[in-house]
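A quick write-up on the structure given underneath.
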Amino acid sequence: MRWLLAAALIWVTGPVLAQETILFFDEPASEWEQALPVGNGRLGAMVFGEIATERIQFNEETLWSGGPYDPVQEGAHAGLPEIQRLLFEGDFAKAHDLFGRTMMGVPYEQMKYQPFGNVYLYFDGHDFEGDDTVTDYRRQLDLDTGIAATSYVVDGVTFTREVYSSAVDQVIVVHLTASEPGAISFSANLHGVRNVAHSNYGTGYFRMDGIAPNQLRLTGKSSTYLGIEGQMRYEARVDAQTEGGRSWVDYRTLHVEGADSATLLIAAATNHVNYKDVSANPQARVAAYLEAATDRDVSAMRADHLEEHRQWFRRVSIDFEGDPTLRELPTDERIARLEEGEDPSLAALYYQFGRYLLIASSRPGTQPANLQGIWQDRPNPSWDSKYTININLPMNYWLADSGNLSEMNGPLWMFAQEVAEAGTSTAREHWNADGWVLHQNTDLFRSTTPMDGPSWGAWPVGGAWVMTNLSDHYRFTEDREFLEEMYPVLKGQVEFLLDILVEHPDNGWLVTAPSNSPENFPAWEGNGRFFDEVTGLYLKARTIAVGPTMDMQIIREVFGSFSELAALLGRDEGLAREATDAASKLAPNQIGQHGQLMEWIEDYDEVEPWHRHLSHLWGLYPGSEITPDQTPEMAAASAISIERRGTGGCGWSYGWKMGLWARLYAPGPALHEFKRHLIDSSHPNFFSKCGRTLQVDGTFGATASMAEMLLQSHQGELHLLPALPLQWGTGSVKGLRARGNVEVDMTWENHRLTSVTLHAGSDGPILIRASGMRGVETAGGIDYAQLDAETLTFEAQAGSTYTLTF
C-alpha cells in the first residue's frame, strides 16, 4: 500500500510546460520491433498500424515456460575451499572446471518469458499497397495519453483506431471509429503462439461454450523446459461491443458489420499467485475483468485511463529549444537526420519516452520489467527475456526516482524480497554462508543459483547490486516506512557478503573468490580455449577471477549504506562496525599500465577491449565512490577506460556511457553516445536494441543518464546542469527529483540558469551547486548569508517551495 500512498509526498501534475509528446510515422510497422508499445504494467501490446490486416500482439507478464522449481543443490559448497585454493595458486582453468562441476544449480539454465497471443483484424477494401484510395496515413504513440493510434482515409472516409492498456480496467482496449456512420466492418481472429521447440500444450484459437456469443477465447498451458514441467495455465478472451451494425462469432472468427463504432476488449491472465504458487484460476480472472469492463461506457473507460496514466506521466515536463519545423517530420526521419545536424527536441521526446516505457511496464503490484519490459513475441527469445542482474535489471530502474516515478520501484522491491527468501538456501548450500544470494540471472520463479556456466554464473554480488538500487531509493524519498521494511533484507545481504569474503594471501585484501567481471575476460600470454562440460561449449580459459573491481565497489557501497542506515535506526551496532572494518580491507581501485582503471585485481588487458560491459566503472556510475571532485585520479583513469571501450556495443552500453560521461562533467561525449545510440542501436520507435533484439534497458539507461546531465545529487549536493551540452543551450525541465526528497524545476537560456524552483519534501539542509546564484528566496525574503562562490546552503522545511535568484 505504501507504494500507492507515496504519491502524496510528490508534487503531482500541475501545469505542463510546452513539450513534445508524440512519436509518429507515415507508414505501418514493417516488423515487430517497429510496432508501438502500450502497457499497464501487467498487460502489454505491440500495435503495428497495418491497414488491411492489423496485428495487435499482446503479452501478460506472468506467462513463462515451466513452472515453480528449486534449482538448489544440497552441499554444493563442498568444493568451494578447493576452488579458492586453485584461484589463489593461479590455476584458473581448474578452478573454473571445478566450479562448473560442483556449484551450479540444476537445471543450469532458467525459464523463458513467453508471448501470449495475437489479435488480427481484417478490413476488406483497405489495401495500402499500390492503392491510391488509401491516403493521409498516420501512425502515432501519444506519450501523454498512453494511446497508440492509426488513422487513414479510404474513399473519402477517415478511419481511426486507438489502442491502450488500461490499468483501471485491466484490459487492452481497441476502439475503432469512422467519419461516416455504418462504415466500420471487419473480421477478427485470436491466435495463440505455439512453442514448436518445447511443445506448448493446448494453445489455439477458438470459441467454446460458456462464453458470450460476441467473444473469442484462447486457453493453454506453458511449455515444459529443461525437465521443468509446464505449469502455467492461461486464458485470453476478446469481447466485441458495437454502436450500430451487428457483431457475431462464426466458429473462430469474430465479425463486425456496418457499425458506427466498435470496441474490442482483450483480457488475459494466468494462474500465477507468486513465485512458488500457481494455484489461481485464469478463467475466473478473465471473466471478472470482462464482466466489469463490459458494463462500462467506452468514453468513461478512456477518461479513467487518461486520468490514471497522467498522474504519473505529467509529473515531469521537459523541453529543449530546437528547430520547430523538425517536429513536423516522422520520428524515423528525425533520427536519420541526426547524422547531419542537431534535434534537441527529439532528445526531450526521447526522455519522456523512457519515462512512458517504465510507466507501461512496471506499476505498483506488478512484476518488475524484464529484458524486454513486458513486450516479447518469440517463444525462444534472446537471453530468455528474463531478469539479468549484472546490468540490465538494475539499469531498468535507474530513472525511476530521478524521473519522479518512485512508486515504479515497487516491483523491484517485491522482487528483492522474493529473491532474498529464495536465495537463503542458495547461500547456505552453494556458499556455506548466512544471508541470501542472487547470481547473474533469474526468472519468474526466482531461481538464485549460479547458471549458464561459470563464465557468467560465478558472480555472487547480484543481490548486492539490487540492494544499492533500493538503498538509493530511500535516499531519494526518505521514506522511513520503506527503510524499516528494507533494512532486514539489506542486513541479510551484508551477512552473506561478510561470510564469503576471503583474505588474499598475497596482500591481505578481502576479496570475492570465485567471481568474474561481467561479462569481459582477462587476456594473458598463451590465452587459450577449453571445453566446458557443463555448457557443452568451448570457452576462453581463466574466466573466473578473484576480487574483480566491480565486486569491491558494490560491496563497499552496500557496507557503507548498511552502516549509515543501521546508525539511523539505532540497530546492529556490532554488525555495522564489522561491515565498516571489512570495507576498509577490500581490494582498492587501482590504475593500470594504460592509465586506465583496472578491471581486475591484477593488471590484465581485456580479451575484448571494446566490450559492451563497463563493469569496473560501476563506482563512477551508478555508484558514487569515484568523482572528479573527490577522487580526481580515479576519475581520470575512468575516462581512459571509457575511451578504450569506444563507442558501440548494445543499446544499454551507450546509455551507461552517457551516465559515466555525465558524472565526469563531459557533456560532449555524453551527447555523442546519445546520438550514436539513437542512430546505431535503437529501433525507429526509440526502443533500444542489442543486435536486432528489442531491449528496454538501453532506453531506460539513456533516459536516466539524460537526467544526470541535467541534475546530480549523489555527492550530498544538488548540482544543477553539471553536463549540459552546447546543443541543449536553452530549455526547461520541471519535476526532476533529487536525493534528499527534493523536486527541482529549472529554466535556462544560452547555458545560463534563469529560474530554479525547489520543492522540499523533508526538513533539513539543502546544498545547491550552480553558476550565477545570488541567493534563495524564502518567505522572509532573499537569503544571501550562506552563498559561497558557486554553492548555496539553506535549511528547508517540508512542504515549502524555494526560488533561487540569479
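Naming scheme: A, B, ... for chains in displayed order of the C-alpha cells; residues 1 onward per chain; ligands 1 onward as shown.
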Would you pick out the contacts of region 365-382 of chain A at 8 Å or less, using only C-alpha atoms, so that residues sharing its chain but fewer than 2 positions from it are not included, and give the list as a VMD selection string? chain A and resid 32 37 39 41 to 46 57 to 62 112 to 115 193 to 195 358 361 to 363 384 to 388 392 to 393 396 410 to 412 414 to 415 693 to 697
Set the distance at 8 Å and use only C-alpha atoms: which residues neighbour Gln440 (chain A) once local chain neighbours fewer than 2 positions away are removed? I'd like the list as a CSV table (one decimal) with all heavy atoms, in the first residue's frame.
chain,number,residue,atom,x,y,z
A,388,THR,N,18.2,-10.2,-16.1
A,388,THR,CA,19.6,-10.3,-16.0
A,388,THR,C,20.1,-9.2,-15.0
A,388,THR,O,19.9,-8.0,-15.2
A,388,THR,CB,20.3,-10.1,-17.4
A,388,THR,OG1,19.8,-11.1,-18.3
A,388,THR,CG2,21.8,-10.2,-17.3
A,389,ILE,N,20.9,-9.6,-14.0
A,389,ILE,CA,21.2,-8.8,-12.9
A,389,ILE,C,22.5,-8.0,-13.0
A,389,ILE,O,22.7,-7.0,-12.4
A,389,ILE,CB,21.3,-9.6,-11.6
A,389,ILE,CG1,20.1,-10.6,-11.5
A,389,ILE,CG2,21.3,-8.7,-10.3
A,389,ILE,CD1,18.7,-10.0,-11.5
A,390,ASN,N,23.4,-8.5,-13.9
A,390,ASN,CA,24.7,-7.9,-14.0
A,390,ASN,C,24.8,-6.5,-14.7
A,390,ASN,O,25.8,-6.0,-14.9
A,390,ASN,CB,25.7,-8.8,-14.5
A,390,ASN,CG,25.5,-9.2,-15.9
A,390,ASN,OD1,24.9,-8.5,-16.7
A,390,ASN,ND2,26.1,-10.4,-16.3
A,438,LEU,N,22.0,-13.8,-4.8
A,438,LEU,CA,21.4,-13.8,-6.2
A,438,LEU,C,22.5,-13.7,-7.1
A,438,LEU,O,23.4,-12.8,-7.0
A,438,LEU,CB,20.4,-12.6,-6.3
A,438,LEU,CG,19.8,-12.4,-7.8
A,438,LEU,CD1,19.0,-13.6,-8.2
A,438,LEU,CD2,19.0,-11.1,-7.8
A,442,THR,N,17.8,-14.4,-13.2
A,442,THR,CA,16.7,-15.1,-12.5
A,442,THR,C,15.5,-15.0,-13.4
A,442,THR,O,15.6,-14.4,-14.5
A,442,THR,CB,16.5,-14.6,-11.1
A,442,THR,OG1,15.5,-15.5,-10.5
A,442,THR,CG2,15.9,-13.2,-11.1
A,450,PRO,N,23.8,-20.3,-9.3
A,450,PRO,CA,24.7,-20.0,-10.5
A,450,PRO,C,24.1,-20.7,-11.7
A,450,PRO,O,23.6,-21.8,-11.6
A,450,PRO,CB,26.0,-20.5,-10.1
A,450,PRO,CG,26.1,-20.5,-8.6
A,450,PRO,CD,24.7,-20.9,-8.2
A,451,MET,N,24.1,-20.0,-12.9
A,451,MET,CA,23.6,-20.6,-14.1
A,451,MET,C,24.4,-20.2,-15.3
A,451,MET,O,25.3,-19.4,-15.2
A,451,MET,CB,22.1,-20.1,-14.3
A,451,MET,CG,21.9,-18.6,-14.2
A,451,MET,SD,22.5,-17.6,-15.6
A,451,MET,CE,21.4,-18.2,-16.8
A,456,TRP,N,29.7,-17.0,-16.5
A,456,TRP,CA,28.7,-16.0,-16.2
A,456,TRP,C,28.1,-16.2,-14.8
A,456,TRP,O,27.8,-15.2,-14.0
A,456,TRP,CB,27.6,-16.0,-17.2
A,456,TRP,CG,28.0,-15.6,-18.6
A,456,TRP,CD1,28.1,-14.4,-19.1
A,456,TRP,CD2,28.5,-16.5,-19.6
A,456,TRP,NE1,28.7,-14.4,-20.4
A,456,TRP,CE2,28.9,-15.7,-20.7
A,456,TRP,CE3,28.7,-17.9,-19.6
A,456,TRP,CZ2,29.4,-16.3,-21.8
A,456,TRP,CZ3,29.2,-18.5,-20.8
A,456,TRP,CH2,29.6,-17.7,-21.9
A,457,GLY,N,27.9,-17.4,-14.4
A,457,GLY,CA,27.2,-17.8,-13.2
A,457,GLY,C,28.0,-17.5,-11.9
A,457,GLY,O,27.5,-17.4,-10.8
A,458,ALA,N,29.4,-17.6,-12.0
A,458,ALA,CA,30.2,-17.4,-10.8
A,458,ALA,C,30.3,-16.0,-10.4
A,458,ALA,O,31.4,-15.4,-10.4
A,458,ALA,CB,31.6,-18.0,-11.1
A,459,TRP,N,29.3,-15.3,-10.1
A,459,TRP,CA,29.2,-13.9,-9.8
A,459,TRP,C,28.2,-13.7,-8.6
A,459,TRP,O,27.0,-13.7,-8.9
A,459,TRP,CB,28.8,-13.1,-11.0
A,459,TRP,CG,28.8,-11.6,-10.8
A,459,TRP,CD1,29.9,-10.8,-10.6
A,459,TRP,CD2,27.7,-10.8,-10.8
A,459,TRP,NE1,29.5,-9.5,-10.4
A,459,TRP,CE2,28.1,-9.5,-10.6
A,459,TRP,CE3,26.3,-11.0,-11.0
A,459,TRP,CZ2,27.3,-8.4,-10.5
A,459,TRP,CZ3,25.5,-9.9,-10.9
A,459,TRP,CH2,25.9,-8.6,-10.7
A,460,PRO,N,28.7,-13.7,-7.4
A,460,PRO,CA,27.8,-13.7,-6.2
A,460,PRO,C,27.2,-12.4,-5.7
A,460,PRO,O,26.7,-12.3,-4.6
A,460,PRO,CB,28.7,-14.4,-5.2
A,460,PRO,CG,30.0,-13.8,-5.5
A,460,PRO,CD,30.1,-13.7,-7.0
A,462,GLY,N,25.0,-10.2,-7.3
A,462,GLY,CA,23.8,-9.7,-7.9
A,462,GLY,C,22.8,-9.1,-6.9
A,462,GLY,O,22.2,-8.1,-7.1
What's around Thr135 (chain A) at 7 Å? Count only C-alpha atoms, leave out sequence neighbours fewer than 6 positions away in its own chain, and write the answer as a ChimeraX atom specification. /A:152-154
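Taking only C-alpha atoms into account, His175 (chain A) lies nearest to A:Leu265 out of the set A:Ile22, A:Val119, A:Leu265, A:Leu190.
Atom to atom, CA of Leu597 (chain A) and CA of Met634 (chain A) stand 6.8 Å apart.
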Using only C-alpha atoms, which residue out of A:Val273, A:Ala293, A:Arg428, A:Glu180 lies closest to Ala76 (chain A)? A:Arg428
Which residues are near region 654-663 of chain A? Cut-off 6 Å, only C-alpha atoms, ignore same chain within fewer than 3 positions. Put them as a VMD selection string. chain A and resid 621 651 666 670 673 677 698 701 to 702 705 709 723
For the residues in that selection, give me N, CA, C and O atoms as an mmCIF file, in the first residue's frame.
data_model
loop_
_atom_site.group_PDB
_atom_site.id
_atom_site.type_symbol
_atom_site.label_atom_id
_atom_site.label_comp_id
_atom_site.auth_asym_id
_atom_site.auth_seq_id
_atom_site.Cartn_x
_atom_site.Cartn_y
_atom_site.Cartn_z
ATOM 1 N N TYR A 621 29.488 5.328 -11.966
ATOM 2 C CA TYR A 621 28.041 5.378 -12.207
ATOM 3 C C TYR A 621 27.562 3.967 -12.524
ATOM 4 O O TYR A 621 28.176 3.289 -13.335
ATOM 5 N N GLY A 651 22.575 -1.355 -26.993
ATOM 6 C CA GLY A 651 21.992 -0.060 -26.683
ATOM 7 C C GLY A 651 22.235 0.361 -25.253
ATOM 8 O O GLY A 651 22.510 1.531 -24.973
ATOM 9 N N ALA A 666 31.337 15.754 -18.615
ATOM 10 C CA ALA A 666 31.774 15.768 -20.013
ATOM 11 C C ALA A 666 30.539 15.711 -20.913
ATOM 12 O O ALA A 666 30.182 14.641 -21.416
ATOM 13 N N ALA A 670 28.999 12.675 -23.719
ATOM 14 C CA ALA A 670 27.693 12.122 -23.328
ATOM 15 C C ALA A 670 26.687 12.290 -24.456
ATOM 16 O O ALA A 670 25.934 11.354 -24.785
ATOM 17 N N GLU A 673 27.393 9.844 -27.329
ATOM 18 C CA GLU A 673 26.881 8.496 -27.072
ATOM 19 C C GLU A 673 25.375 8.448 -27.280
ATOM 20 O O GLU A 673 24.839 7.463 -27.807
ATOM 21 N N HIS A 677 23.614 6.185 -30.027
ATOM 22 C CA HIS A 677 22.625 5.219 -29.539
ATOM 23 C C HIS A 677 21.375 5.264 -30.412
ATOM 24 O O HIS A 677 20.860 4.225 -30.848
ATOM 25 N N GLY A 698 18.398 -0.298 -22.422
ATOM 26 C CA GLY A 698 19.129 0.806 -23.029
ATOM 27 C C GLY A 698 18.322 2.081 -23.063
ATOM 28 O O GLY A 698 18.847 3.182 -22.842
ATOM 29 N N GLY A 701 18.304 3.265 -19.483
ATOM 30 C CA GLY A 701 19.609 3.764 -19.092
ATOM 31 C C GLY A 701 19.912 5.122 -19.694
ATOM 32 O O GLY A 701 20.440 6.023 -19.025
ATOM 33 N N ALA A 702 19.589 5.296 -20.979
ATOM 34 C CA ALA A 702 19.824 6.585 -21.629
ATOM 35 C C ALA A 702 18.949 7.671 -20.995
ATOM 36 O O ALA A 702 19.385 8.815 -20.815
ATOM 37 N N SER A 705 20.441 8.657 -17.730
ATOM 38 C CA SER A 705 21.676 9.410 -17.941
ATOM 39 C C SER A 705 21.394 10.831 -18.407
ATOM 40 O O SER A 705 22.159 11.754 -18.089
ATOM 41 N N MET A 709 22.738 14.395 -16.744
ATOM 42 C CA MET A 709 23.324 15.532 -17.447
ATOM 43 C C MET A 709 22.725 16.852 -16.967
ATOM 44 O O MET A 709 23.365 17.903 -17.047
ATOM 45 N N ALA A 723 26.336 18.731 -16.746
ATOM 46 C CA ALA A 723 26.885 18.235 -18.019
ATOM 47 C C ALA A 723 25.949 18.609 -19.156
ATOM 48 O O ALA A 723 25.526 17.764 -19.951
#
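Distances here use only C-alpha atoms; by that measure, the residue among A:His613, A:Pro282, A:Phe88, A:Gln715 closest to Thr627 (chain A) is A:Gln715.
With only C-alpha atoms as the atoms that count, the minimum distance from Glu89 (chain A) to the choices A:His504, A:Arg327, A:Arg737, A:Arg769 is reached by A:His504.
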Pick from A:Thr242, A:Thr424, A:Ser755, A:Asn685, whichever lies nearest to Leu346 (chain A) using only C-alpha atoms: A:Asn685
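The two atoms in question, CA of Val489 (chain A) and CA of Ala416 (chain A), are spaced 7.9 Å apart.
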Got a sec: who's within 6 Å of Val756 (chain A), counting only C-alpha atoms, leaving out chain neighbours fewer than 5 positions off, as a ChimeraX atom specification? /A:745-746,803-804
Can you spit out the residues from that selection as a PDB file, in the first residue's frame, using N, CA, C and O atoms?
ATOM      1  N   ASP A 745      12.663  22.303 -10.474  1.00  0.00           N
ATOM      2  CA  ASP A 745      12.244  22.887 -11.750  1.00  0.00           C
ATOM      3  C   ASP A 745      13.336  23.861 -12.189  1.00  0.00           C
ATOM      4  O   ASP A 745      13.821  24.663 -11.374  1.00  0.00           O
ATOM      5  N   MET A 746      13.713  23.819 -13.463  1.00  0.00           N
ATOM      6  CA  MET A 746      14.774  24.695 -13.961  1.00  0.00           C
ATOM      7  C   MET A 746      14.431  25.235 -15.339  1.00  0.00           C
ATOM      8  O   MET A 746      13.828  24.535 -16.155  1.00  0.00           O
ATOM      9  N   THR A 803      12.767  29.533  -4.273  1.00  0.00           N
ATOM     10  CA  THR A 803      13.158  30.020  -5.589  1.00  0.00           C
ATOM     11  C   THR A 803      14.567  30.588  -5.518  1.00  0.00           C
ATOM     12  O   THR A 803      14.842  31.475  -4.687  1.00  0.00           O
ATOM     13  N   LEU A 804      15.458  30.099  -6.357  1.00  0.00           N
ATOM     14  CA  LEU A 804      16.808  30.649  -6.423  1.00  0.00           C
ATOM     15  C   LEU A 804      16.789  31.910  -7.263  1.00  0.00           C
ATOM     16  O   LEU A 804      16.086  32.000  -8.273  1.00  0.00           O
TER      17      LEU A 804
END
Based on the backbone DSSP call, show me all residues of region 53-222 of chain A assigned helix (DSSP H, G or I), as a CSV table (one decimal) with all heavy atoms, in the first residue's frame.
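Dumped to selection_9.csv:
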chain,number,residue,atom,x,y,z
A,76,ALA,N,26.4,-28.0,-2.2
A,76,ALA,CA,27.2,-27.6,-3.4
A,76,ALA,C,28.4,-26.8,-3.1
A,76,ALA,O,29.3,-26.6,-3.9
A,76,ALA,CB,26.3,-26.8,-4.3
A,77,HIS,N,28.5,-26.4,-1.8
A,77,HIS,CA,29.7,-25.6,-1.4
A,77,HIS,C,30.9,-26.5,-1.1
A,77,HIS,O,32.0,-26.0,-0.7
A,77,HIS,CB,29.4,-24.8,-0.2
A,77,HIS,CG,28.9,-25.6,1.0
A,77,HIS,ND1,29.8,-26.3,1.8
A,77,HIS,CD2,27.7,-25.8,1.5
A,77,HIS,CE1,29.1,-26.9,2.8
A,77,HIS,NE2,27.8,-26.6,2.6
A,78,ALA,N,30.7,-27.8,-1.2
A,78,ALA,CA,31.8,-28.7,-0.7
A,78,ALA,C,33.1,-28.4,-1.5
A,78,ALA,O,34.2,-28.6,-0.9
A,78,ALA,CB,31.4,-30.2,-0.9
A,79,GLY,N,33.0,-28.1,-2.7
A,79,GLY,CA,34.2,-27.8,-3.5
A,79,GLY,C,34.8,-26.4,-3.4
A,79,GLY,O,35.8,-26.1,-3.9
A,80,LEU,N,34.1,-25.5,-2.6
A,80,LEU,CA,34.5,-24.1,-2.6
A,80,LEU,C,35.9,-23.9,-2.0
A,80,LEU,O,36.7,-23.1,-2.6
A,80,LEU,CB,33.5,-23.3,-1.8
A,80,LEU,CG,33.7,-21.8,-1.6
A,80,LEU,CD1,33.8,-21.2,-3.0
A,80,LEU,CD2,32.6,-21.2,-0.8
A,81,PRO,N,36.3,-24.5,-0.9
A,81,PRO,CA,37.7,-24.3,-0.5
A,81,PRO,C,38.7,-24.7,-1.5
A,81,PRO,O,39.7,-24.0,-1.7
A,81,PRO,CB,37.8,-25.2,0.8
A,81,PRO,CG,36.3,-25.3,1.3
A,81,PRO,CD,35.5,-25.4,0.0
A,82,GLU,N,38.5,-25.8,-2.2
A,82,GLU,CA,39.5,-26.2,-3.2
A,82,GLU,C,39.5,-25.2,-4.4
A,82,GLU,O,40.5,-24.9,-5.0
A,82,GLU,CB,39.1,-27.6,-3.7
A,82,GLU,CG,40.0,-28.1,-4.9
A,82,GLU,CD,41.5,-28.3,-4.5
A,82,GLU,OE1,41.8,-28.1,-3.3
A,82,GLU,OE2,42.3,-28.6,-5.4
A,83,ILE,N,38.3,-24.7,-4.8
A,83,ILE,CA,38.2,-23.7,-5.9
A,83,ILE,C,39.0,-22.5,-5.5
A,83,ILE,O,39.8,-21.9,-6.3
A,83,ILE,CB,36.7,-23.3,-6.1
A,83,ILE,CG1,36.0,-24.5,-6.8
A,83,ILE,CG2,36.6,-22.1,-7.1
A,83,ILE,CD1,34.5,-24.3,-6.9
A,84,GLN,N,38.9,-22.0,-4.2
A,84,GLN,CA,39.6,-20.8,-3.8
A,84,GLN,C,41.1,-21.1,-3.7
A,84,GLN,O,41.9,-20.2,-4.1
A,84,GLN,CB,39.1,-20.4,-2.4
A,84,GLN,CG,37.7,-19.9,-2.4
A,84,GLN,CD,37.0,-19.6,-1.1
A,84,GLN,OE1,37.4,-20.3,-0.1
A,84,GLN,NE2,36.0,-18.8,-1.0
A,85,ARG,N,41.5,-22.3,-3.3
A,85,ARG,CA,43.0,-22.6,-3.3
A,85,ARG,C,43.5,-22.6,-4.7
A,85,ARG,O,44.6,-22.0,-4.9
A,85,ARG,CB,43.2,-24.0,-2.7
A,85,ARG,CG,44.7,-24.4,-2.6
A,85,ARG,CD,44.8,-25.9,-2.2
A,85,ARG,NE,44.4,-26.8,-3.3
A,85,ARG,CZ,45.2,-27.0,-4.4
A,85,ARG,NH1,46.4,-26.5,-4.5
A,85,ARG,NH2,44.8,-27.8,-5.3
A,86,LEU,N,42.8,-23.2,-5.7
A,86,LEU,CA,43.2,-23.1,-7.1
A,86,LEU,C,43.3,-21.7,-7.6
A,86,LEU,O,44.3,-21.3,-8.3
A,86,LEU,CB,42.3,-24.0,-7.9
A,86,LEU,CG,42.3,-25.5,-7.7
A,86,LEU,CD1,41.1,-26.1,-8.4
A,86,LEU,CD2,43.6,-26.1,-8.2
A,87,LEU,N,42.4,-20.9,-7.3
A,87,LEU,CA,42.4,-19.5,-7.7
A,87,LEU,C,43.6,-18.8,-7.2
A,87,LEU,O,44.3,-18.0,-7.9
A,87,LEU,CB,41.1,-18.8,-7.3
A,87,LEU,CG,39.8,-19.2,-8.0
A,87,LEU,CD1,38.6,-18.5,-7.4
A,87,LEU,CD2,39.9,-18.7,-9.5
A,88,PHE,N,43.9,-18.9,-5.9
A,88,PHE,CA,45.0,-18.2,-5.3
A,88,PHE,C,46.3,-18.7,-5.8
A,88,PHE,O,47.4,-18.0,-5.7
A,88,PHE,CB,44.9,-18.2,-3.8
A,88,PHE,CG,43.8,-17.3,-3.2
A,88,PHE,CD1,42.9,-17.9,-2.3
A,88,PHE,CD2,43.6,-16.0,-3.6
A,88,PHE,CE1,41.9,-17.1,-1.8
A,88,PHE,CE2,42.6,-15.2,-3.1
A,88,PHE,CZ,41.7,-15.8,-2.2
A,92,PHE,N,43.5,-21.1,-12.8
A,92,PHE,CA,42.1,-20.6,-13.0
A,92,PHE,C,41.3,-21.6,-13.8
A,92,PHE,O,40.1,-21.7,-13.6
A,92,PHE,CB,42.2,-19.3,-13.7
A,92,PHE,CG,42.6,-18.2,-12.8
A,92,PHE,CD1,44.0,-17.9,-12.7
A,92,PHE,CD2,41.7,-17.4,-12.2
A,92,PHE,CE1,44.4,-16.9,-11.8
A,92,PHE,CE2,42.2,-16.3,-11.3
A,92,PHE,CZ,43.5,-16.1,-11.2
A,93,ALA,N,41.9,-22.3,-14.8
A,93,ALA,CA,41.2,-23.2,-15.6
A,93,ALA,C,40.6,-24.4,-14.8
A,93,ALA,O,39.5,-24.8,-14.9
A,93,ALA,CB,42.1,-23.8,-16.7
A,94,LYS,N,41.4,-24.9,-13.8
A,94,LYS,CA,40.9,-26.0,-13.0
A,94,LYS,C,39.8,-25.5,-12.0
A,94,LYS,O,38.8,-26.2,-11.7
A,94,LYS,CB,42.1,-26.6,-12.2
A,94,LYS,CG,42.9,-27.5,-13.0
A,94,LYS,CD,44.0,-28.2,-12.2
A,94,LYS,CE,44.9,-29.1,-13.0
A,94,LYS,NZ,45.9,-29.8,-12.2
A,95,ALA,N,40.0,-24.2,-11.5
A,95,ALA,CA,39.0,-23.7,-10.6
A,95,ALA,C,37.7,-23.5,-11.4
A,95,ALA,O,36.6,-23.8,-10.9
A,95,ALA,CB,39.5,-22.3,-10.1
A,96,HIS,N,37.8,-23.0,-12.6
A,96,HIS,CA,36.6,-22.9,-13.5
A,96,HIS,C,35.9,-24.2,-13.6
A,96,HIS,O,34.7,-24.3,-13.5
A,96,HIS,CB,37.0,-22.3,-14.8
A,96,HIS,CG,35.9,-22.2,-15.8
A,96,HIS,ND1,35.4,-21.0,-16.2
A,96,HIS,CD2,35.3,-23.2,-16.5
A,96,HIS,CE1,34.4,-21.3,-17.1
A,96,HIS,NE2,34.4,-22.6,-17.3
A,97,ASP,N,36.7,-25.2,-14.0
A,97,ASP,CA,36.1,-26.5,-14.2
A,97,ASP,C,35.4,-27.1,-12.9
A,97,ASP,O,34.3,-27.6,-13.0
A,97,ASP,CB,37.2,-27.5,-14.7
A,97,ASP,CG,36.6,-28.9,-15.0
A,97,ASP,OD1,35.9,-29.0,-16.0
A,97,ASP,OD2,36.9,-29.8,-14.3
A,98,LEU,N,36.1,-26.9,-11.8
A,98,LEU,CA,35.5,-27.5,-10.6
A,98,LEU,C,34.3,-26.7,-10.2
A,98,LEU,O,33.3,-27.3,-9.7
A,98,LEU,CB,36.6,-27.4,-9.4
A,98,LEU,CG,36.2,-28.0,-8.1
A,98,LEU,CD1,35.8,-29.5,-8.3
A,98,LEU,CD2,37.3,-27.8,-7.1
A,99,PHE,N,34.2,-25.4,-10.4
A,99,PHE,CA,33.0,-24.6,-10.1
A,99,PHE,C,31.9,-25.2,-10.9
A,99,PHE,O,30.8,-25.4,-10.4
A,99,PHE,CB,33.2,-23.2,-10.4
A,99,PHE,CG,32.1,-22.3,-10.0
A,99,PHE,CD1,32.1,-21.5,-8.8
A,99,PHE,CD2,30.9,-22.2,-10.8
A,99,PHE,CE1,31.1,-20.7,-8.5
A,99,PHE,CE2,29.8,-21.4,-10.4
A,99,PHE,CZ,29.9,-20.7,-9.2
A,100,GLY,N,32.1,-25.4,-12.2
A,100,GLY,CA,31.1,-25.9,-13.1
A,100,GLY,C,30.6,-27.3,-12.7
A,100,GLY,O,29.4,-27.6,-12.9
A,101,ARG,N,31.5,-28.1,-12.1
A,101,ARG,CA,31.1,-29.5,-11.7
A,101,ARG,C,30.4,-29.5,-10.4
A,101,ARG,O,29.6,-30.5,-10.1
A,101,ARG,CB,32.4,-30.3,-11.6
A,101,ARG,CG,33.0,-30.6,-13.0
A,101,ARG,CD,34.3,-31.4,-12.8
A,101,ARG,NE,35.0,-31.7,-14.0
A,101,ARG,CZ,34.8,-32.8,-14.7
A,101,ARG,NH1,33.9,-33.7,-14.3
A,101,ARG,NH2,35.4,-33.0,-15.9
A,102,THR,N,30.6,-28.5,-9.5
A,102,THR,CA,30.1,-28.7,-8.1
A,102,THR,C,29.2,-27.6,-7.7
A,102,THR,O,28.3,-27.8,-6.8
A,102,THR,CB,31.3,-28.7,-7.2
A,102,THR,OG1,32.0,-27.4,-7.2
A,102,THR,CG2,32.3,-29.8,-7.5
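The interatomic distance for the pair CA of Glu573 (chain A) and CA of Gly560 (chain A) works out to 13.1 Å.
Nearest-residue note for Val733 (chain A): choosing from A:Leu141, A:Val38, A:Ala348, A:Leu470, the minimum distance belongs to A:Ala348, counting only C-alpha atoms.
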So which bits of region 465-661 of chain A end up strand (DSSP E) when you DSSP the backbone, as a PyMOL selection string? chain A and resi 502-503+510-511+522-523+529-532+537-540+605-606
Selection: 10 Å around Thr133 (chain A), only C-alpha atoms, excl. self and same-chain fewer than 6 positions, as a PyMOL selection string: chain A and resi 125-127+153-156
Tell me, as number ranges by chain, which residues lie within 12 Å of Asp297 (chain A), counting only C-alpha atoms; anything in the same chain fewer than 3 positions away does not count. A: 169, 241-243, 263, 292-294, 300-304
